[in-house]
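*Asks:* Just passing along the structure, written as structure tokens.
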Amino acid sequence: MEYIAHKDNERVQTVKEHLYGTAELAGFFAERFGKKEWGYCCGMLHDLGKYSKEFQRKIQNDTGERVDHSTAGAKVCNEKGGYYSILSYCIAGHHAGLPDYGNTAIGNSLCGRYNKKICDFKNYEKEIEIPQLHTDPIVFDPTKNLDFSLSVFVRMLYSCLVDADFLDTEAFMKNENTGRVAGETMQILEEKLEQYIEPWLSNTELESINGRRTEILAHCMEMGKREKGIYRLTVPTGGGKTIASLAFALRHAVKHQMDRIIYVIPYTSIIEQNAQVFREILGAENVLENHCNVEYKDSEEFYPMQLASENWDKPVVVTTNVQFFESLFGNKSSKCRKIHNIANSVVIFDEAQMLPMDYLKPCISVLQELVDNYASSIVLCTATQPALEMFFSSKDKMIELCPCVEEQFRFFERVTYEKIGKISQDELIMRMQGDQSILCIVNTKKAAQELYKKLREERKNIYHLSTNMYPKHRKRVLKIIRERLDNNEKCIVVSTSLVEAGVDLDFDIVYRQIAGLDSLIQAAGRCNRNGKKDLAKSKVYIFDFIDEKKVTNQKLQIETAASVIQDYEKVDDLTGISDYFKRLYHYRGTSLDKKNIMGEFKQMRFNFSKVAKEFKLIEENTKMIYINKELKAEELLNELKTKGASKERLREAGQYCVQIYGDERNENSLFDKLYSNGMLRPISEDMQDFYELVSQKQYSDEWGLDFSVDDVLMM
């Protein structure tokens, strides 16, 4: 009898063909981290349930009946016991997602699957021999959390399996014409970079900015020959860290025959800039930009990129903290499929101080695993280097890539900090006079609106920036601000912290309400950014408002920063920056793993599904408010109402949306006030947490969604 796995009209792929094809691919993927036989075994056993009469009746007659074919292989592994039980999670979850261990009463748990009654699949014994496992899953290290290490190993195997399963099935269904294009080799990419930077390398004049950038770049290239491990690149603003980090990564990847370079960045604005730089140097076909604001449309030109976004099969990947870590702690095949391609990669964290503090311990633990067991190197790249040494293994000493760090910071020094203490809004407004361009950054959107409204009463050329303005609106205002700054015209901007990274602005003076020390230094990067003005006159004033109530999620950072800048003469003292992070981590204590993610992996009783639900870098109690103030926005809104919410429409709609917190339990939330006053209405019953602003007066062309809401019912 011929046992069929897939059909395409008259063409069939047998179960045996599919199992061998998947096993070969999964083994190839797992070989990157020395576990080929584990990947192969996983692939061979994943679809044993397709040998049942019920599944064969379903596929041959297209009956559409549901037949569980995933539990069979998990049962076989459980019965064999020993190492094979590790594979049970992967096989049981290769469609539904990695399960929790659970108990027999929970049907979708691993234990529940062990006890589930399924169709007889013993016919597999006629064609399939269970491969032997000889090697240990991981190297035992008594100083490490073995349970967590095993959980990461399961995820990596799962990734190898589901990607191999998808690819083998895809190859059959498309008769090998998949349209996938992997990109060029690391050697070719290194040659492209060397050609790009060749004119720079002749500049050895260390008293010039370009000479200093060249010194950093050349040193990073030389350091690329070092062994795999954990690196830091501590480069001051203007030091050229983007190209320097790419140069290190390419040299390192070629030296160690590594597969790809992955840039992990907190802000999409920086991602878009960096990805464009990489495309210009390396070629668009080699750079995958993968985050929520990018969708590769199903066209002949972008189809290979669309496919690559599923499993990161490109030599250079640029992504977000959210995408990177939520994939590593996810449980669904769509998220986990890519993570085996993180193995044997150079992973660069730009703005490393933005690693998620609520999940810092599990994030650092998984990075340690990537270095220890999956042949990767990590680079922590920033001007404000966090003190993460205490969280990494003691045997891994972080290696600095920037030569003469303190000397570089002195050379690139562009501003003078001045602490002016607590002042009133009126005092701040009085100070913001004269002919200079001034940026003032405050801690809340509400404070930004209040200050802006007061300033505009007596000043001209005042601009406001915050996330209470929808993205298209912000971009228009930013364009005006840039034009005025480029033309040396007076310009005063009141903003929230959104201008501190990925926004290339250059002001004469910056006022920054006290915040985390890294935020203060990031804000200073908007003052005398191009280094053309006098250091003594390029002032960054640090202040706080009198009697200002601290926002809960900022309080600890503010208090810690305040104590550090009292203890150090210079705000940007490198020792002070390290001290700030050490104090902050100490004060946070157990909240560095606020959901107890690490505690969900014990004694092979792993809770993958629970962790995937709990591990959210962006909490989901937010509402999207659609602002219909442009012709294109109106057309798109009509499409959403009449045609529904496709991925493409929702992504485009994001350009006209403001995101606000919406907690139904909090009657004082902005969402509750707007909704209860009739200013919002749901766009569609099918789109949860998505509302249209029906009161146009509540959105200003100057400052966006207004925080002041009249307590009068809008009719």
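Ordering of the structure tokens sets the chain letters (A, B, ...), residue numbers begin anew at 1 in every chain, and ligands are numbered from 1 in the order given.
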As a list in words, please: the residues near stretch 680-692 of chain A (cut-off 6 Å, only C-alpha atoms, same-chain neighbours under 6 positions excluded).
*Replies:*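 Listing them by chain and then by number gives Lys623, Met624, Ile625 and Tyr626 of chain A.
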*Asks:* Keeping only all heavy atoms, take the residues you just selected and write them out as a PDB file, in the first residue's frame.
*Replies:*
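Listed below is the output, selection_34.pdb:
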ATOM      1  N   LYS A 623      -5.285  50.575  22.887  1.00  0.00           N
ATOM      2  CA  LYS A 623      -6.331  50.756  21.876  1.00  0.00           C
ATOM      3  C   LYS A 623      -5.768  51.597  20.733  1.00  0.00           C
ATOM      4  O   LYS A 623      -5.001  52.535  20.964  1.00  0.00           O
ATOM      5  CB  LYS A 623      -7.547  51.476  22.477  1.00  0.00           C
ATOM      6  CG  LYS A 623      -8.025  50.939  23.819  1.00  0.00           C
ATOM      7  CD  LYS A 623      -8.720  49.609  23.699  1.00  0.00           C
ATOM      8  CE  LYS A 623      -9.273  49.160  25.050  1.00  0.00           C
ATOM      9  NZ  LYS A 623      -9.913  47.844  25.009  1.00  0.00           N
ATOM     10  N   MET A 624      -6.159  51.255  19.531  1.00  0.00           N
ATOM     11  CA  MET A 624      -5.767  52.017  18.350  1.00  0.00           C
ATOM     12  C   MET A 624      -6.879  53.000  18.017  1.00  0.00           C
ATOM     13  O   MET A 624      -8.035  52.603  17.846  1.00  0.00           O
ATOM     14  CB  MET A 624      -5.511  51.084  17.169  1.00  0.00           C
ATOM     15  CG  MET A 624      -4.400  50.082  17.395  1.00  0.00           C
ATOM     16  SD  MET A 624      -2.777  50.846  17.581  1.00  0.00           S
ATOM     17  CE  MET A 624      -2.425  51.316  15.900  1.00  0.00           C
ATOM     18  N   ILE A 625      -6.525  54.286  17.920  1.00  0.00           N
ATOM     19  CA  ILE A 625      -7.501  55.333  17.606  1.00  0.00           C
ATOM     20  C   ILE A 625      -7.205  55.860  16.204  1.00  0.00           C
ATOM     21  O   ILE A 625      -6.135  56.433  15.964  1.00  0.00           O
ATOM     22  CB  ILE A 625      -7.447  56.491  18.627  1.00  0.00           C
ATOM     23  CG1 ILE A 625      -7.455  55.955  20.069  1.00  0.00           C
ATOM     24  CG2 ILE A 625      -8.587  57.465  18.387  1.00  0.00           C
ATOM     25  CD1 ILE A 625      -8.647  55.107  20.425  1.00  0.00           C
ATOM     26  N   TYR A 626      -8.132  55.642  15.297  1.00  0.00           N
ATOM     27  CA  TYR A 626      -7.944  56.033  13.891  1.00  0.00           C
ATOM     28  C   TYR A 626      -8.343  57.490  13.714  1.00  0.00           C
ATOM     29  O   TYR A 626      -9.455  57.893  14.071  1.00  0.00           O
ATOM     30  CB  TYR A 626      -8.798  55.144  12.986  1.00  0.00           C
ATOM     31  CG  TYR A 626      -8.450  55.248  11.516  1.00  0.00           C
ATOM     32  CD1 TYR A 626      -7.486  54.424  10.958  1.00  0.00           C
ATOM     33  CD2 TYR A 626      -9.091  56.168  10.689  1.00  0.00           C
ATOM     34  CE1 TYR A 626      -7.157  54.509   9.609  1.00  0.00           C
ATOM     35  CE2 TYR A 626      -8.780  56.265   9.351  1.00  0.00           C
ATOM     36  CZ  TYR A 626      -7.812  55.434   8.808  1.00  0.00           C
ATOM     37  OH  TYR A 626      -7.496  55.528   7.480  1.00  0.00           O
TER      38      TYR A 626
END
*Asks:* Quick one: everything within 8 Å of stretch 519-525 of chain A, counting only C-alpha atoms, minus sequence neighbours fewer than 6 positions away in the same chain. Send it as a list in words.
*Replies:*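 Neighbouring residues, sequence-local ones excluded: Thr237, Thr384, Val415, Ile441, Ser497, Val499, Glu500, Ala501, Val510, Arg512, Val540, Ile542, Val571 and Asp572 of chain A.
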*Asks:* Using only C-alpha atoms, determine which residues lie at most 10 Å from A:Ser424, disregarding the query and same-chain residues fewer than 3 positions distant; provide the list as a VMD selection string.
*Replies:* chain A and resid 427 to 430 543 to 548
*Asks:* When distances are computed from only C-alpha atoms, which of A:Asn488, A:His69, A:Leu307, A:Ala375 shows the smallest separation from A:Thr178?
*Replies:*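 Checking each candidate against A:Thr178, we get A:Leu307 as the closest.
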*Asks:* Find the spatial neighbours of A:Gly654, counting only C-alpha atoms, within a cut-off of 10 Å - ignore same-chain residues fewer than 3 positions away - and output them as a list in words.
*Replies:*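 Residues near the query, excluding close chain neighbours: Cys292, Asn293, Tyr470, Pro471, Lys472, Met624, Ile625, Tyr626, Ile627, Arg649, Leu650, Arg651, Cys657, Val658 and Gln659 of chain A.
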*Asks:* State, in Å with one decimal place, the distance from atom CA of A:Met604 to atom CA of A:Val347.
*Replies:*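 Pair atom CA of A:Met604 / atom CA of A:Val347 returns 28.3 Å.
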*Asks:* What are the nearest atom pairs, with distances in Å to one decimal, for all residues of stretch 89-168 of chain A that come at most 12 Å from stretch 47-62 of chain A, using only C-alpha atoms, set out by chain and rising residue number as a Markdown table?
*Replies:*
| residue | atom | partner | partner_atom | distance |
| --- | --- | --- | --- | --- |
| A:Cys90 | CA | A:Asp47 | CA | 11.5 |
| A:Ile91 | CA | A:Asp47 | CA | 8.0 |
| A:Ala92 | CA | A:Asp47 | CA | 9.7 |
| A:Gly93 | CA | A:Asp47 | CA | 11.4 |
| A:His94 | CA | A:Asp47 | CA | 9.3 |
| A:His95 | CA | A:Asp47 | CA | 10.6 |
| A:Ile118 | CA | A:Gly49 | CA | 8.6 |
| A:Cys119 | CA | A:Ser52 | CA | 6.0 |
| A:Asp120 | CA | A:Ser52 | CA | 5.5 |
| A:Phe121 | CA | A:Ser52 | CA | 4.3 |
| A:Lys122 | CA | A:Tyr51 | CA | 7.2 |
| A:Asn123 | CA | A:Tyr51 | CA | 5.8 |
| A:Tyr124 | CA | A:Tyr51 | CA | 5.7 |
| A:Glu125 | CA | A:Tyr51 | CA | 9.4 |
| A:Lys126 | CA | A:Tyr51 | CA | 9.9 |
| A:Glu127 | CA | A:Tyr51 | CA | 9.8 |
| A:Ile128 | CA | A:Leu48 | CA | 8.7 |
| A:Glu129 | CA | A:Leu48 | CA | 11.0 |
| A:Ile130 | CA | A:Leu48 | CA | 10.6 |
| A:Leu161 | CA | A:Asp47 | CA | 11.0 |
| A:Val162 | CA | A:Asp47 | CA | 11.5 |
| A:Asp165 | CA | A:Asp47 | CA | 9.6 |
*Asks:* Measure the distance from atom CA of A:Ala182 to atom CA of A:Gln276 in Å and round it to one decimal.
*Replies:*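 Computed distance, atom CA of A:Ala182 to atom CA of A:Gln276, equals 19.0 Å.
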